[in-house]
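File shown: my_file38.txt (compact mmCIF, C-alpha atoms).
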# COMPACT_ATOMS: atom_id res chain seq x y z
CA MET A 229 18.73 -17.85 3.95
CA SER A 230 17.36 -20.13 6.66
CA ILE A 231 16.42 -18.90 10.14
CA GLY A 232 16.18 -21.63 12.74
CA GLY A 233 15.95 -24.21 9.95
CA ILE A 234 12.95 -22.47 8.36
CA GLU A 235 13.05 -20.77 4.98
CA PRO A 236 11.33 -17.40 5.36
CA VAL A 237 8.54 -16.37 3.01
CA ASP A 238 8.50 -12.75 1.94
CA GLY A 239 4.86 -12.10 2.69
CA THR A 240 2.12 -11.84 5.27
CA VAL A 241 -0.52 -14.44 6.07
CA GLU A 242 -3.84 -13.77 7.81
CA LEU A 243 -5.10 -16.70 9.87
CA VAL A 244 -8.46 -17.42 11.49
CA SER A 245 -9.24 -20.00 14.16
CA THR A 246 -12.51 -21.34 15.48
CA ASP A 247 -11.06 -23.65 18.14
CA GLY A 248 -8.96 -21.40 20.36
CA TRP A 249 -5.92 -21.63 18.04
CA ALA A 250 -5.52 -25.39 18.29
CA SER A 251 -5.68 -25.11 14.51
CA ALA A 252 -5.93 -22.27 12.00
CA THR A 253 -6.90 -21.64 8.40
CA ILE A 254 -5.26 -19.20 5.99
CA VAL A 255 -7.86 -16.68 4.82
CA ARG A 256 -5.58 -14.26 2.99
CA GLN A 257 -1.93 -13.94 2.02
CA LYS A 258 0.10 -11.37 0.15
CA ARG A 259 3.72 -11.24 -0.96
CA SER A 260 5.72 -8.32 0.34
CA ILE A 261 7.37 -5.77 -1.92
CA MET A 262 10.63 -5.92 0.08
CA SER A 263 12.23 -8.82 1.92
CA MET A 264 11.27 -10.31 5.26
CA PRO A 265 8.28 -8.43 6.66
CA MET A 266 8.36 -8.49 10.44
CA ALA A 267 5.39 -6.76 11.96
CA ALA A 268 1.79 -5.97 11.14
CA ALA A 269 -0.37 -3.12 12.39
CA ILE A 270 -4.10 -2.50 12.13
CA LEU A 271 -5.44 0.99 11.43
CA GLY A 272 -9.22 1.03 11.20
CA ASP A 273 -10.15 -1.70 8.72
CA ASP A 274 -6.69 -1.69 7.09
CA VAL A 275 -3.71 -3.89 7.88
CA TYR A 276 -0.15 -2.74 7.16
CA MET A 277 3.04 -4.80 7.22
CA LEU A 278 6.51 -3.47 7.90
CA ASN A 279 9.10 -4.75 5.43
CA SER A 280 11.96 -4.62 7.92
CA ARG A 281 14.66 -6.30 5.79
CA LEU A 282 15.74 -8.63 8.60
CA ASP A 283 17.74 -10.65 6.08
CA THR A 284 20.25 -7.80 5.90
CA LEU A 285 20.62 -7.80 9.70
CA PHE A 286 21.14 -11.57 10.00
CA ASP A 287 23.75 -11.74 7.22
CA SER A 288 26.97 -10.00 8.25
CA ALA A 289 28.12 -9.93 4.60
CA ALA A 290 24.94 -8.25 3.32
CA ASP A 291 24.83 -4.59 2.41
CA LYS A 292 23.14 -2.71 5.24
CA VAL A 293 20.01 -0.81 4.28
CA GLY A 294 18.19 2.17 5.68
CA ASP A 295 15.07 1.93 3.53
CA TYR A 296 12.02 0.21 4.93
CA LEU A 297 8.47 0.06 3.66
CA LEU A 298 5.09 0.12 5.34
CA GLN A 299 2.93 -1.83 2.88
CA LYS A 300 -0.86 -2.11 2.92
CA PHE A 301 -2.00 -5.72 3.24

As C-alpha cells:
Amino acid sequence: MSIGGIEPVDGTVELVSTDGWASATIVRQKRSIMSMPMAAAILGDDVYMLNSRLDTLFDSAADKVGDYLLQKF
C-alpha cells in the first residue's frame, strides 16, 4: 500500500544531525512487530513506538482492528 507515492516501512528509524537538519544519518533502526508504526515516545532512556495499524484505516476494505502495540525501540 502506497501513501502519497511512498511505500511505508514497518519500522522506526533514529536519525542524528550535526548541521541543523540540513542532512541526517541513520544511527539505529528496528522493524516493528505490527504494521505501520506512527508515533514514538521517550521515557527516561527508553524509546517506545506505537504500532497504530494505519494501513487498516487507510484501506476501506481492510478488517478494522482494535489491537495496538507499544513496542520498545

Tell me, as a PyMOL selection string, which residues lie within 10 Å of Val293 in chain A, counting only C-alpha atoms; anything in the same chain fewer than 6 positions away does not count.
-> chain A and resi 280-282+284-285

For the residues in that selection, give me C-alpha atoms as a compact mmCIF listing (two decimals), keeping the file's coordinate frame.
# COMPACT_ATOMS: atom_id res chain seq x y z
CA SER A 280 11.96 -4.62 7.92
CA ARG A 281 14.66 -6.30 5.79
CA LEU A 282 15.74 -8.63 8.60
CA THR A 284 20.25 -7.80 5.90
CA LEU A 285 20.62 -7.80 9.70

May I have the centre and edge lengths, in Å to one decimal, of an axis-aligned box around the listed atoms of range 252-270 of chain A with 3 Å added to every side, as lines of an AutoDock Vina configuration file?
center_x = 2.2
center_y = -12.4
center_z = 5.2
size_x = 26.1
size_y = 25.8
size_z = 20.3

Grab the CA of Gly294 in chain A to CA of Ala269 in chain A distance for me, in Å with one decimal place.
->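 Taking CA of Gly294 in chain A and CA of Ala269 in chain A, their separation equals 20.4 Å.
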
Distance of CA of Gln257 in chain A from CA of Asp287 in chain A, expressed in Å to one decimal place = 26.3 Å

Nearest candidate to Leu243 in chain A (options A:Tyr296, A:Asp283, A:Arg256, A:Met277; using only C-alpha atoms) =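 Going through A:Tyr296, A:Asp283, A:Arg256, A:Met277 one by one, the smallest distance to Leu243 in chain A is for A:Arg256.
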
d(CA of Lys300 in chain A, CA of Ser245 in chain A) in Å |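 Here the two named atoms are 22.7 Å from each other.
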
Show which residues sit within 10 Å of Lys258 in chain A, as JSON, numbers by chain. Count only C-alpha atoms, and ignore same-chain residues fewer than 6 positions away.
-> {"A": [238, 239, 240, 241, 242, 300, 301]}

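Considering all atoms listed in the file, the residue among A:Trp249, A:Asn279, A:Ala289, A:Asp274 positioned nearest to Met262 in chain A is A:Asn279.
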